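*Asks:* Before I ask anything, let me first share the structure, which is written out below as structure tokens.
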Amino acid sequence: MRPILALSRAEIAKTLEMPEVIEAVEQAHAALTTGGAVQAERSTVEVPGCTTLLVPMTAAIAAQRVAGIKLLTDTPANAERSMPVQQSTVLLVDPETGSCVAILDGPALTLFRTAAASAVATRHLARSASRTLGLVGAGAQARAHLDALACVMTVERVVVWSRTHERVEAFAAYARERVGEVIVASGSEEVVRAADVLCTLTPSREPVVRGEWFAPGLHVNAVGAPPRPDYREIDTAGIVRSHVIVDSYDVVRRESGDVLVPLAEGAITADHFKTELGDVVAGVRPGRSTDDEITLFDSVGLGLQDVAAARLAVDAARRTGLGVELRLT
């Protein structure tokens, strides 16, 4: 039996190239719509006696010869311990034999695949004339989103805001090496009103973006809220005004406060968020219909995306000799 390959965060960063991850994630979403990929119905488990939520994500993609599971933990109390609130590990198996083939650091994969999914959505939903990228949040996902969206749109200007001054200044320095104009905004409203494509990247419980700020033709990637039904970044008006596309209807209807809160308020029905990204990629359902339409991609995050990215990382690591081989028997 072949040894299990273990890949660290740094090794994954060395193996993955964003354009390849974007293509793999796009193919995975299309396969989910057309029957070439499957993922288990997602369930979450609250650990008794603490704040930790366990979120297992199982998926398989036939064309990419990959199957596996990601275990995500969401622990709000970790913020007081100076530890990451979300942590994860990805395990891949051989689809033919069921043997474990690799174990990978989850956050490194999440960084790539989350931004890649936003890039896929932007490719299919944003106006072709989009030039200004707005970012609410300036952490690692902001950098990844800048790199990813630059693969699918011409980014001439970046407008960014974060509550943390040091973080936004560090991001601005990073962005100025890649984009001609970078503006540090005074608040999220300034970002939203300036953007052609907006990415919200905050783990917010209360909305940081209001629909009254949305200009005609805006595309939004709502990314940051954790998988809890009472957390959201976009207010009800923003969801009502938008043509909403989701990564997975089954997952979103259990975990996304961005749509579940407006649904509970009676502001929308479930039909408002029935269209999946794979439907648009595969041409089964329409994406943007006019230049004035407001589109919004509600990104909760799928194990399907993780295993697609993990397949690329493992293949590259095998070619280059990266990683540590483990034997459990």
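In the structure tokens, the first chain shown is A, the next is B, and so on; residue numbers restart at 1 for each chain, and ligands run from 1 in the order shown.
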So which residues touch Phe112 (chain A) within 12 Å, counting only C-alpha atoms, skipping near sequence neighbours fewer than 2 positions away, as a JSON list (two decimals) with all heavy atoms, in the first residue's frame?
*Replies:*
```json
[["chain", "number", "residue", "atom", "x", "y", "z"],
["A", 9, "ARG", "N", 1.00, 23.55, 5.43],
["A", 9, "ARG", "CA", 0.51, 24.82, 4.87],
["A", 9, "ARG", "C", 1.52, 25.40, 3.89],
["A", 9, "ARG", "O", 1.15, 25.82, 2.78],
["A", 9, "ARG", "CB", 0.25, 25.79, 6.02],
["A", 9, "ARG", "CG", -0.47, 27.06, 5.64],
["A", 9, "ARG", "CD", -0.98, 27.78, 6.87],
["A", 9, "ARG", "NE", -1.82, 26.90, 7.69],
["A", 9, "ARG", "CZ", -2.41, 27.27, 8.81],
["A", 9, "ARG", "NH1", -2.27, 28.50, 9.26],
["A", 9, "ARG", "NH2", -3.16, 26.43, 9.49],
["A", 12, "ILE", "N", 1.69, 23.33, 0.62],
["A", 12, "ILE", "CA", 0.53, 23.56, -0.25],
["A", 12, "ILE", "C", 0.68, 24.87, -1.00],
["A", 12, "ILE", "O", 0.40, 24.97, -2.20],
["A", 12, "ILE", "CB", -0.77, 23.52, 0.57],
["A", 12, "ILE", "CG1", -1.03, 22.09, 1.06],
["A", 12, "ILE", "CG2", -1.95, 24.03, -0.25],
["A", 12, "ILE", "CD1", -2.14, 21.97, 2.07],
["A", 13, "ALA", "N", 1.15, 25.91, -0.31],
["A", 13, "ALA", "CA", 1.35, 27.20, -0.95],
["A", 13, "ALA", "C", 2.35, 27.10, -2.10],
["A", 13, "ALA", "O", 2.24, 27.82, -3.10],
["A", 13, "ALA", "CB", 1.80, 28.23, 0.07],
["A", 14, "LYS", "N", 3.33, 26.21, -1.96],
["A", 14, "LYS", "CA", 4.33, 26.04, -3.02],
["A", 14, "LYS", "C", 3.79, 25.26, -4.21],
["A", 14, "LYS", "O", 4.29, 25.41, -5.33],
["A", 14, "LYS", "CB", 5.56, 25.31, -2.46],
["A", 14, "LYS", "CG", 6.39, 26.11, -1.48],
["A", 14, "LYS", "CD", 7.55, 25.28, -0.95],
["A", 14, "LYS", "CE", 8.38, 26.05, 0.06],
["A", 14, "LYS", "NZ", 9.48, 25.21, 0.63],
["A", 15, "THR", "N", 2.79, 24.42, -3.99],
["A", 15, "THR", "CA", 2.33, 23.54, -5.07],
["A", 15, "THR", "C", 1.19, 24.12, -5.90],
["A", 15, "THR", "O", 1.04, 23.77, -7.07],
["A", 15, "THR", "CB", 1.84, 22.19, -4.50],
["A", 15, "THR", "OG1", 0.74, 22.42, -3.61],
["A", 15, "THR", "CG2", 2.94, 21.47, -3.75],
["A", 16, "LEU", "N", 0.38, 25.00, -5.31],
["A", 16, "LEU", "CA", -0.83, 25.44, -5.99],
["A", 16, "LEU", "C", -0.61, 26.74, -6.77],
["A", 16, "LEU", "O", 0.06, 27.66, -6.29],
["A", 16, "LEU", "CB", -1.97, 25.66, -4.98],
["A", 16, "LEU", "CG", -2.55, 24.40, -4.35],
["A", 16, "LEU", "CD1", -3.67, 24.75, -3.38],
["A", 16, "LEU", "CD2", -3.08, 23.43, -5.42],
["A", 17, "GLU", "N", -1.19, 26.79, -7.96],
["A", 17, "GLU", "CA", -1.21, 27.99, -8.79],
["A", 17, "GLU", "C", -2.67, 28.41, -8.94],
["A", 17, "GLU", "O", -3.51, 27.60, -9.32],
["A", 17, "GLU", "CB", -0.58, 27.73, -10.16],
["A", 17, "GLU", "CG", 0.89, 27.32, -10.11],
["A", 17, "GLU", "CD", 1.79, 28.47, -9.69],
["A", 17, "GLU", "OE1", 1.37, 29.65, -9.82],
["A", 17, "GLU", "OE2", 2.91, 28.20, -9.22],
["A", 18, "MET", "N", -2.97, 29.67, -8.68],
["A", 18, "MET", "CA", -4.36, 30.13, -8.66],
["A", 18, "MET", "C", -5.12, 29.85, -9.96],
["A", 18, "MET", "O", -6.29, 29.40, -9.90],
["A", 18, "MET", "CB", -4.44, 31.60, -8.29],
["A", 18, "MET", "CG", -5.86, 32.10, -8.05],
["A", 18, "MET", "SD", -6.70, 31.27, -6.67],
["A", 18, "MET", "CE", -6.00, 32.15, -5.27],
["A", 19, "PRO", "N", -4.56, 30.11, -11.14],
["A", 19, "PRO", "CA", -5.33, 29.82, -12.36],
["A", 19, "PRO", "C", -5.76, 28.36, -12.46],
["A", 19, "PRO", "O", -6.89, 28.07, -12.90],
["A", 19, "PRO", "CB", -4.36, 30.19, -13.49],
["A", 19, "PRO", "CG", -3.46, 31.21, -12.88],
["A", 19, "PRO", "CD", -3.27, 30.76, -11.46],
["A", 20, "GLU", "N", -4.91, 27.44, -12.03],
["A", 20, "GLU", "CA", -5.27, 26.02, -12.07],
["A", 20, "GLU", "C", -6.36, 25.70, -11.06],
["A", 20, "GLU", "O", -7.26, 24.88, -11.34],
["A", 20, "GLU", "CB", -4.03, 25.16, -11.80],
["A", 20, "GLU", "CG", -2.95, 25.26, -12.86],
["A", 20, "GLU", "CD", -1.74, 24.42, -12.52],
["A", 20, "GLU", "OE1", -1.73, 23.80, -11.43],
["A", 20, "GLU", "OE2", -0.80, 24.38, -13.32],
["A", 21, "VAL", "N", -6.31, 26.32, -9.89],
["A", 21, "VAL", "CA", -7.34, 26.07, -8.89],
["A", 21, "VAL", "C", -8.68, 26.61, -9.38],
["A", 21, "VAL", "O", -9.73, 25.98, -9.20],
["A", 21, "VAL", "CB", -6.96, 26.71, -7.53],
["A", 21, "VAL", "CG1", -8.03, 26.44, -6.49],
["A", 21, "VAL", "CG2", -5.61, 26.16, -7.05],
["A", 22, "ILE", "N", -8.68, 27.77, -10.02],
["A", 22, "ILE", "CA", -9.92, 28.34, -10.55],
["A", 22, "ILE", "C", -10.55, 27.38, -11.55],
["A", 22, "ILE", "O", -11.76, 27.11, -11.50],
["A", 22, "ILE", "CB", -9.65, 29.71, -11.21],
["A", 22, "ILE", "CG1", -9.26, 30.74, -10.14],
["A", 22, "ILE", "CG2", -10.87, 30.19, -11.99],
["A", 22, "ILE", "CD1", -8.74, 32.05, -10.71],
["A", 23, "GLU", "N", -9.75, 26.84, -12.44],
["A", 23, "GLU", "CA", -10.29, 25.91, -13.44],
["A", 23, "GLU", "C", -10.82, 24.64, -12.79],
["A", 23, "GLU", "O", -11.89, 24.13, -13.16],
["A", 23, "GLU", "CB", -9.20, 25.56, -14.47],
["A", 23, "GLU", "CG", -8.74, 26.73, -15.32],
["A", 23, "GLU", "CD", -9.88, 27.44, -16.04],
["A", 23, "GLU", "OE1", -10.77, 26.74, -16.57],
["A", 23, "GLU", "OE2", -9.89, 28.68, -16.05],
["A", 24, "ALA", "N", -10.10, 24.12, -11.79],
["A", 24, "ALA", "CA", -10.54, 22.89, -11.12],
["A", 24, "ALA", "C", -11.84, 23.12, -10.36],
["A", 24, "ALA", "O", -12.74, 22.27, -10.38],
["A", 24, "ALA", "CB", -9.45, 22.40, -10.17],
["A", 25, "VAL", "N", -11.96, 24.27, -9.70],
["A", 25, "VAL", "CA", -13.18, 24.58, -8.96],
["A", 25, "VAL", "C", -14.35, 24.80, -9.92],
["A", 25, "VAL", "O", -15.47, 24.35, -9.66],
["A", 25, "VAL", "CB", -12.96, 25.82, -8.05],
["A", 25, "VAL", "CG1", -14.28, 26.34, -7.49],
["A", 25, "VAL", "CG2", -12.00, 25.46, -6.91],
["A", 105, "ASP", "N", -3.23, 20.23, 5.20],
["A", 105, "ASP", "CA", -3.64, 21.38, 6.01],
["A", 105, "ASP", "C", -4.84, 22.04, 5.35],
["A", 105, "ASP", "O", -4.81, 22.42, 4.18],
["A", 105, "ASP", "CB", -2.49, 22.38, 6.10],
["A", 105, "ASP", "CG", -2.88, 23.65, 6.81],
["A", 105, "ASP", "OD1", -3.02, 23.62, 8.04],
["A", 105, "ASP", "OD2", -3.06, 24.68, 6.12],
["A", 106, "GLY", "N", -5.93, 22.17, 6.10],
["A", 106, "GLY", "CA", -7.16, 22.71, 5.54],
["A", 106, "GLY", "C", -7.13, 24.20, 5.24],
["A", 106, "GLY", "O", -7.58, 24.63, 4.18],
["A", 107, "PRO", "N", -6.63, 25.05, 6.16],
["A", 107, "PRO", "CA", -6.67, 26.49, 5.90],
["A", 107, "PRO", "C", -5.95, 26.92, 4.63],
["A", 107, "PRO", "O", -6.41, 27.84, 3.94],
["A", 107, "PRO", "CB", -5.99, 27.08, 7.14],
["A", 107, "PRO", "CG", -6.32, 26.10, 8.23],
["A", 107, "PRO", "CD", -6.24, 24.76, 7.56],
["A", 108, "ALA", "N", -4.84, 26.26, 4.29],
["A", 108, "ALA", "CA", -4.14, 26.62, 3.06],
["A", 108, "ALA", "C", -4.99, 26.33, 1.83],
["A", 108, "ALA", "O", -5.07, 27.14, 0.89],
["A", 108, "ALA", "CB", -2.82, 25.86, 2.98],
["A", 109, "LEU", "N", -5.65, 25.17, 1.83],
["A", 109, "LEU", "CA", -6.55, 24.85, 0.72],
["A", 109, "LEU", "C", -7.74, 25.80, 0.70],
["A", 109, "LEU", "O", -8.17, 26.24, -0.37],
["A", 109, "LEU", "CB", -7.04, 23.40, 0.85],
["A", 109, "LEU", "CG", -6.02, 22.31, 0.61],
["A", 109, "LEU", "CD1", -6.61, 20.95, 0.99],
["A", 109, "LEU", "CD2", -5.56, 22.29, -0.85],
["A", 110, "THR", "N", -8.29, 26.10, 1.88],
["A", 110, "THR", "CA", -9.45, 26.97, 1.96],
["A", 110, "THR", "C", -9.15, 28.34, 1.38],
["A", 110, "THR", "O", -9.98, 28.94, 0.68],
["A", 110, "THR", "CB", -9.89, 27.12, 3.43],
["A", 110, "THR", "OG1", -10.23, 25.83, 3.95],
["A", 110, "THR", "CG2", -11.10, 28.04, 3.55],
["A", 114, "THR", "N", -11.52, 29.13, -1.81],
["A", 114, "THR", "CA", -12.54, 30.14, -1.57],
["A", 114, "THR", "C", -12.40, 31.29, -2.56],
["A", 114, "THR", "O", -13.39, 31.73, -3.17],
["A", 114, "THR", "CB", -12.45, 30.67, -0.13],
["A", 114, "THR", "OG1", -12.57, 29.58, 0.78],
["A", 114, "THR", "CG2", -13.54, 31.67, 0.15],
["A", 115, "ALA", "N", -11.19, 31.78, -2.72],
["A", 115, "ALA", "CA", -10.97, 32.84, -3.69],
["A", 115, "ALA", "C", -11.23, 32.35, -5.11],
["A", 115, "ALA", "O", -11.75, 33.11, -5.95],
["A", 115, "ALA", "CB", -9.55, 33.37, -3.56],
["A", 116, "ALA", "N", -10.88, 31.10, -5.39],
["A", 116, "ALA", "CA", -11.13, 30.55, -6.72],
["A", 116, "ALA", "C", -12.61, 30.49, -7.03],
["A", 116, "ALA", "O", -13.05, 30.79, -8.15],
["A", 116, "ALA", "CB", -10.51, 29.16, -6.83],
["A", 117, "ALA", "N", -13.44, 30.10, -6.04],
["A", 117, "ALA", "CA", -14.88, 30.06, -6.26],
["A", 117, "ALA", "C", -15.43, 31.46, -6.55],
["A", 117, "ALA", "O", -16.29, 31.63, -7.42],
["A", 117, "ALA", "CB", -15.58, 29.46, -5.04],
["A", 118, "SER", "N", -14.93, 32.46, -5.84],
["A", 118, "SER", "CA", -15.34, 33.84, -6.12],
["A", 118, "SER", "C", -14.93, 34.25, -7.53],
["A", 118, "SER", "O", -15.67, 34.98, -8.22],
["A", 118, "SER", "CB", -14.73, 34.80, -5.10],
["A", 118, "SER", "OG", -15.25, 34.58, -3.81],
["A", 119, "ALA", "N", -13.77, 33.80, -7.96],
["A", 119, "ALA", "CA", -13.31, 34.11, -9.32],
["A", 119, "ALA", "C", -14.21, 33.46, -10.37],
["A", 119, "ALA", "O", -14.54, 34.08, -11.39],
["A", 119, "ALA", "CB", -11.87, 33.66, -9.50],
["A", 140, "ALA", "N", -6.01, 37.69, 4.98],
["A", 140, "ALA", "CA", -5.43, 36.77, 4.00],
["A", 140, "ALA", "C", -6.37, 36.53, 2.82],
["A", 140, "ALA", "O", -5.93, 36.42, 1.67],
["A", 140, "ALA", "CB", -5.08, 35.45, 4.67],
["A", 141, "GLN", "N", -7.68, 36.45, 3.09],
["A", 141, "GLN", "CA", -8.61, 36.24, 1.98],
["A", 141, "GLN", "C", -8.66, 37.44, 1.03],
["A", 141, "GLN", "O", -8.92, 37.27, -0.16],
["A", 141, "GLN", "CB", -10.01, 35.93, 2.52],
["A", 141, "GLN", "CG", -10.25, 34.47, 2.88],
["A", 141, "GLN", "CD", -10.23, 33.56, 1.65],
["A", 141, "GLN", "OE1", -10.21, 33.99, 0.51],
["A", 141, "GLN", "NE2", -10.27, 32.26, 1.92],
["A", 142, "ALA", "N", -8.41, 38.63, 1.53],
["A", 142, "ALA", "CA", -8.36, 39.79, 0.64],
["A", 142, "ALA", "C", -7.22, 39.66, -0.35],
["A", 142, "ALA", "O", -7.38, 39.92, -1.56],
["A", 142, "ALA", "CB", -8.22, 41.07, 1.45],
["A", 143, "ARG", "N", -6.07, 39.22, 0.12],
["A", 143, "ARG", "CA", -4.93, 39.02, -0.79],
["A", 143, "ARG", "C", -5.23, 37.92, -1.79],
["A", 143, "ARG", "O", -4.97, 38.06, -3.00],
["A", 143, "ARG", "CB", -3.68, 38.68, 0.02],
["A", 143, "ARG", "CG", -3.24, 39.79, 0.95],
["A", 143, "ARG", "CD", -1.91, 39.50, 1.61],
["A", 143, "ARG", "NE", -1.53, 40.56, 2.54],
["A", 143, "ARG", "CZ", -0.30, 40.81, 2.93],
["A", 143, "ARG", "NH1", 0.70, 40.07, 2.47],
["A", 143, "ARG", "NH2", -0.04, 41.78, 3.77],
["A", 144, "ALA", "N", -5.79, 36.82, -1.31],
["A", 144, "ALA", "CA", -6.12, 35.71, -2.20],
["A", 144, "ALA", "C", -7.17, 36.13, -3.23],
["A", 144, "ALA", "O", -7.09, 35.76, -4.40],
["A", 144, "ALA", "CB", -6.61, 34.52, -1.40],
["A", 145, "HIS", "N", -8.16, 36.93, -2.80],
["A", 145, "HIS", "CA", -9.19, 37.37, -3.73],
["A", 145, "HIS", "C", -8.64, 38.33, -4.77],
["A", 145, "HIS", "O", -9.05, 38.29, -5.94],
["A", 145, "HIS", "CB", -10.37, 37.99, -2.98],
["A", 145, "HIS", "CG", -11.39, 36.99, -2.55],
["A", 145, "HIS", "ND1", -11.16, 36.08, -1.54],
["A", 145, "HIS", "CD2", -12.64, 36.72, -3.01],
["A", 145, "HIS", "CE1", -12.22, 35.30, -1.40],
["A", 145, "HIS", "NE2", -13.13, 35.68, -2.29],
["A", 146, "LEU", "N", -7.75, 39.20, -4.38],
["A", 146, "LEU", "CA", -7.12, 40.08, -5.37],
["A", 146, "LEU", "C", -6.39, 39.25, -6.41],
["A", 146, "LEU", "O", -6.54, 39.47, -7.63],
["A", 146, "LEU", "CB", -6.16, 41.04, -4.68],
["A", 146, "LEU", "CG", -5.31, 41.92, -5.60],
["A", 146, "LEU", "CD1", -6.18, 42.76, -6.54],
["A", 146, "LEU", "CD2", -4.38, 42.82, -4.78],
["A", 147, "ASP", "N", -5.60, 38.27, -5.97],
["A", 147, "ASP", "CA", -4.86, 37.43, -6.90],
["A", 147, "ASP", "C", -5.80, 36.63, -7.80],
["A", 147, "ASP", "O", -5.56, 36.49, -9.01],
["A", 147, "ASP", "CB", -3.94, 36.48, -6.13],
["A", 147, "ASP", "CG", -2.84, 37.20, -5.36],
["A", 147, "ASP", "OD1", -2.57, 38.38, -5.68],
["A", 147, "ASP", "OD2", -2.26, 36.59, -4.45],
["A", 148, "ALA", "N", -6.88, 36.09, -7.22],
["A", 148, "ALA", "CA", -7.79, 35.25, -7.99],
["A", 148, "ALA", "C", -8.61, 36.06, -8.98],
["A", 148, "ALA", "O", -8.75, 35.69, -10.15],
["A", 148, "ALA", "CB", -8.72, 34.48, -7.04],
["A", 149, "LEU", "N", -9.18, 37.18, -8.52],
["A", 149, "LEU", "CA", -10.03, 37.95, -9.42],
["A", 149, "LEU", "C", -9.25, 38.63, -10.53],
["A", 149, "LEU", "O", -9.79, 38.87, -11.61],
["A", 149, "LEU", "CB", -10.86, 38.97, -8.62],
["A", 149, "LEU", "CG", -12.23, 38.43, -8.18],
["A", 149, "LEU", "CD1", -12.09, 37.24, -7.23],
["A", 149, "LEU", "CD2", -13.08, 39.52, -7.56],
["A", 301, "GLY", "N", -18.98, 27.70, 1.09],
["A", 301, "GLY", "CA", -17.79, 26.85, 1.04],
["A", 301, "GLY", "C", -18.16, 25.39, 1.03],
["A", 301, "GLY", "O", -18.93, 24.93, 1.87],
["A", 305, "GLN", "N", -15.01, 21.81, -3.35],
["A", 305, "GLN", "CA", -13.94, 22.73, -3.73],
["A", 305, "GLN", "C", -12.61, 22.32, -3.09],
["A", 305, "GLN", "O", -11.55, 22.39, -3.71],
["A", 305, "GLN", "CB", -14.31, 24.14, -3.31],
["A", 305, "GLN", "CG", -15.60, 24.66, -3.92],
["A", 305, "GLN", "CD", -16.20, 25.81, -3.14],
["A", 305, "GLN", "OE1", -15.78, 26.11, -2.01],
["A", 305, "GLN", "NE2", -17.17, 26.48, -3.73],
["A", 306, "ASP", "N", -12.69, 21.88, -1.83],
["A", 306, "ASP", "CA", -11.46, 21.48, -1.13],
["A", 306, "ASP", "C", -10.80, 20.27, -1.76],
["A", 306, "ASP", "O", -9.58, 20.25, -1.94],
["A", 306, "ASP", "CB", -11.79, 21.16, 0.34],
["A", 306, "ASP", "CG", -12.17, 22.39, 1.13],
["A", 306, "ASP", "OD1", -11.31, 23.24, 1.35],
["A", 306, "ASP", "OD2", -13.34, 22.49, 1.52],
["A", 307, "VAL", "N", -11.59, 19.25, -2.11],
["A", 307, "VAL", "CA", -10.97, 18.04, -2.67],
["A", 307, "VAL", "C", -10.45, 18.31, -4.07],
["A", 307, "VAL", "O", -9.44, 17.72, -4.49],
["A", 307, "VAL", "CB", -11.93, 16.83, -2.64],
["A", 307, "VAL", "CG1", -12.32, 16.50, -1.21],
["A", 307, "VAL", "CG2", -13.14, 17.01, -3.53],
["A", 308, "ALA", "N", -11.09, 19.22, -4.82],
["A", 308, "ALA", "CA", -10.58, 19.58, -6.15],
["A", 308, "ALA", "C", -9.22, 20.25, -6.03],
["A", 308, "ALA", "O", -8.28, 19.92, -6.78],
["A", 308, "ALA", "CB", -11.57, 20.51, -6.85],
["A", 309, "ALA", "N", -9.08, 21.18, -5.08],
["A", 309, "ALA", "CA", -7.79, 21.84, -4.86],
["A", 309, "ALA", "C", -6.77, 20.86, -4.30],
["A", 309, "ALA", "O", -5.58, 20.90, -4.66],
["A", 309, "ALA", "CB", -7.97, 23.03, -3.93],
["A", 310, "ALA", "N", -7.21, 19.98, -3.41],
["A", 310, "ALA", "CA", -6.30, 19.01, -2.80],
["A", 310, "ALA", "C", -5.72, 18.06, -3.84],
["A", 310, "ALA", "O", -4.54, 17.69, -3.77],
["A", 310, "ALA", "CB", -7.03, 18.22, -1.73],
["A", 312, "LEU", "N", -5.00, 18.75, -6.92],
["A", 312, "LEU", "CA", -3.92, 19.48, -7.59],
["A", 312, "LEU", "C", -2.67, 19.51, -6.72],
["A", 312, "LEU", "O", -1.55, 19.31, -7.21],
["A", 312, "LEU", "CB", -4.36, 20.92, -7.90],
["A", 312, "LEU", "CG", -5.49, 21.12, -8.91],
["A", 312, "LEU", "CD1", -5.83, 22.60, -8.99],
["A", 312, "LEU", "CD2", -5.09, 20.60, -10.28],
["A", 313, "ALA", "N", -2.86, 19.79, -5.43],
["A", 313, "ALA", "CA", -1.71, 19.90, -4.53],
["A", 313, "ALA", "C", -0.98, 18.57, -4.40],
["A", 313, "ALA", "O", 0.27, 18.52, -4.42],
["A", 313, "ALA", "CB", -2.17, 20.38, -3.16]]
```
*Asks:* Tell me, which residues of region 26-173 of chain A carry DSSP alpha helix (DSSP H), written as JSON, numbers by chain?
*Replies:* {"A": [26, 27, 28, 29, 30, 31, 32, 33, 34, 106, 107, 108, 109, 110, 111, 112, 113, 114, 115, 116, 117, 118, 119, 120, 121, 122, 123, 124, 125, 140, 141, 142, 143, 144, 145, 146, 147, 148, 149, 165, 166, 167, 168, 169, 170, 171, 172, 173]}
*Asks:* Would you save the residues of that selection, restricted to C-alpha atoms, as a PDB file, in the first residue's frame?
*Replies:*
```
ATOM      1  CA  GLU A  26     -15.149  25.647 -12.020  1.00  0.00           C
ATOM      2  CA  GLN A  27     -15.119  22.090 -13.389  1.00  0.00           C
ATOM      3  CA  ALA A  28     -16.153  20.728  -9.982  1.00  0.00           C
ATOM      4  CA  HIS A  29     -19.198  23.008  -9.796  1.00  0.00           C
ATOM      5  CA  ALA A  30     -20.257  22.100 -13.320  1.00  0.00           C
ATOM      6  CA  ALA A  31     -19.849  18.410 -12.474  1.00  0.00           C
ATOM      7  CA  LEU A  32     -22.033  18.831  -9.399  1.00  0.00           C
ATOM      8  CA  THR A  33     -24.833  20.077 -11.652  1.00  0.00           C
ATOM      9  CA  THR A  34     -24.376  17.494 -14.416  1.00  0.00           C
ATOM     10  CA  GLY A 106      -7.157  22.711   5.541  1.00  0.00           C
ATOM     11  CA  PRO A 107      -6.668  26.490   5.900  1.00  0.00           C
ATOM     12  CA  ALA A 108      -4.136  26.621   3.056  1.00  0.00           C
ATOM     13  CA  LEU A 109      -6.548  24.847   0.725  1.00  0.00           C
ATOM     14  CA  THR A 110      -9.445  26.975   1.964  1.00  0.00           C
ATOM     15  CA  LEU A 111      -7.567  30.159   1.121  1.00  0.00           C
ATOM     16  CA  PHE A 112      -7.085  29.070  -2.494  1.00  0.00           C
ATOM     17  CA  ARG A 113     -10.428  27.399  -3.177  1.00  0.00           C
ATOM     18  CA  THR A 114     -12.542  30.141  -1.569  1.00  0.00           C
ATOM     19  CA  ALA A 115     -10.966  32.844  -3.694  1.00  0.00           C
ATOM     20  CA  ALA A 116     -11.128  30.548  -6.723  1.00  0.00           C
ATOM     21  CA  ALA A 117     -14.884  30.062  -6.256  1.00  0.00           C
ATOM     22  CA  SER A 118     -15.344  33.837  -6.119  1.00  0.00           C
ATOM     23  CA  ALA A 119     -13.315  34.112  -9.322  1.00  0.00           C
ATOM     24  CA  VAL A 120     -15.544  31.541 -11.040  1.00  0.00           C
ATOM     25  CA  ALA A 121     -18.637  33.455  -9.937  1.00  0.00           C
ATOM     26  CA  THR A 122     -17.115  36.750 -11.071  1.00  0.00           C
ATOM     27  CA  ARG A 123     -16.196  35.287 -14.455  1.00  0.00           C
ATOM     28  CA  HIS A 124     -19.789  34.209 -15.065  1.00  0.00           C
ATOM     29  CA  LEU A 125     -21.757  36.950 -13.287  1.00  0.00           C
ATOM     30  CA  ALA A 140      -5.428  36.772   3.997  1.00  0.00           C
ATOM     31  CA  GLN A 141      -8.613  36.237   1.984  1.00  0.00           C
ATOM     32  CA  ALA A 142      -8.364  39.790   0.638  1.00  0.00           C
ATOM     33  CA  ARG A 143      -4.933  39.020  -0.788  1.00  0.00           C
ATOM     34  CA  ALA A 144      -6.121  35.713  -2.203  1.00  0.00           C
ATOM     35  CA  HIS A 145      -9.191  37.366  -3.732  1.00  0.00           C
ATOM     36  CA  LEU A 146      -7.120  40.077  -5.367  1.00  0.00           C
ATOM     37  CA  ASP A 147      -4.859  37.431  -6.900  1.00  0.00           C
ATOM     38  CA  ALA A 148      -7.792  35.252  -7.985  1.00  0.00           C
ATOM     39  CA  LEU A 149     -10.034  37.949  -9.415  1.00  0.00           C
ATOM     40  CA  HIS A 165      -5.746  49.862  10.613  1.00  0.00           C
ATOM     41  CA  GLU A 166      -2.549  47.795  10.577  1.00  0.00           C
ATOM     42  CA  ARG A 167      -4.171  45.057   8.530  1.00  0.00           C
ATOM     43  CA  VAL A 168      -5.602  47.356   5.887  1.00  0.00           C
ATOM     44  CA  GLU A 169      -2.330  49.235   5.514  1.00  0.00           C
ATOM     45  CA  ALA A 170      -0.431  45.965   5.073  1.00  0.00           C
ATOM     46  CA  PHE A 171      -2.924  44.840   2.438  1.00  0.00           C
ATOM     47  CA  ALA A 172      -2.699  48.189   0.646  1.00  0.00           C
ATOM     48  CA  ALA A 173       1.072  47.820   0.388  1.00  0.00           C
TER      49      ALA A 173
END
```
*Asks:* As a VMD selection string, please: the residues near Arg163 (chain A) (cut-off 10 Å, only C-alpha atoms, same-chain neighbours under 5 positions excluded).
*Replies:* chain A and resid 136 to 138 168 186 to 188 202
*Asks:* Can you write just those residues out, N, CA and C atoms, as a PDB file, in the first residue's frame?
*Replies:*
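Okay, out.pdb is ready:
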```pdb
ATOM      1  N   VAL A 136     -14.275  44.435   1.428  1.00  0.00           N
ATOM      2  CA  VAL A 136     -14.601  44.730   2.817  1.00  0.00           C
ATOM      3  C   VAL A 136     -13.953  43.628   3.643  1.00  0.00           C
ATOM      4  N   GLY A 137     -12.865  43.973   4.293  1.00  0.00           N
ATOM      5  CA  GLY A 137     -11.988  42.994   4.935  1.00  0.00           C
ATOM      6  C   GLY A 137     -10.643  43.013   4.246  1.00  0.00           C
ATOM      7  N   ALA A 138      -9.566  42.920   5.027  1.00  0.00           N
ATOM      8  CA  ALA A 138      -8.229  43.092   4.449  1.00  0.00           C
ATOM      9  C   ALA A 138      -7.236  42.038   4.922  1.00  0.00           C
ATOM     10  N   VAL A 168      -5.243  46.749   7.166  1.00  0.00           N
ATOM     11  CA  VAL A 168      -5.602  47.356   5.887  1.00  0.00           C
ATOM     12  C   VAL A 168      -4.399  48.046   5.257  1.00  0.00           C
ATOM     13  N   SER A 186     -12.842  54.966   4.085  1.00  0.00           N
ATOM     14  CA  SER A 186     -13.144  55.341   5.465  1.00  0.00           C
ATOM     15  C   SER A 186     -14.195  54.437   6.089  1.00  0.00           C
ATOM     16  N   GLY A 187     -14.874  53.636   5.261  1.00  0.00           N
ATOM     17  CA  GLY A 187     -15.902  52.731   5.775  1.00  0.00           C
ATOM     18  C   GLY A 187     -16.385  51.812   4.674  1.00  0.00           C
ATOM     19  N   SER A 188     -17.223  50.849   5.044  1.00  0.00           N
ATOM     20  CA  SER A 188     -17.689  49.872   4.061  1.00  0.00           C
ATOM     21  C   SER A 188     -18.589  50.509   3.004  1.00  0.00           C
ATOM     22  N   THR A 202     -15.568  39.266   5.878  1.00  0.00           N
ATOM     23  CA  THR A 202     -15.525  39.435   7.327  1.00  0.00           C
ATOM     24  C   THR A 202     -16.345  38.350   8.016  1.00  0.00           C
TER      25      THR A 202
END
```
*Asks:* Can you list every residue in region 66-299 of chain A that DSSP puts in strand (DSSP E or B), as a PyMOL selection string?
*Replies:* chain A and resi 66-74+86-93+100-105+132-136+157-161+181-184+197-200+209+219-222+234+243-246+276+295-298
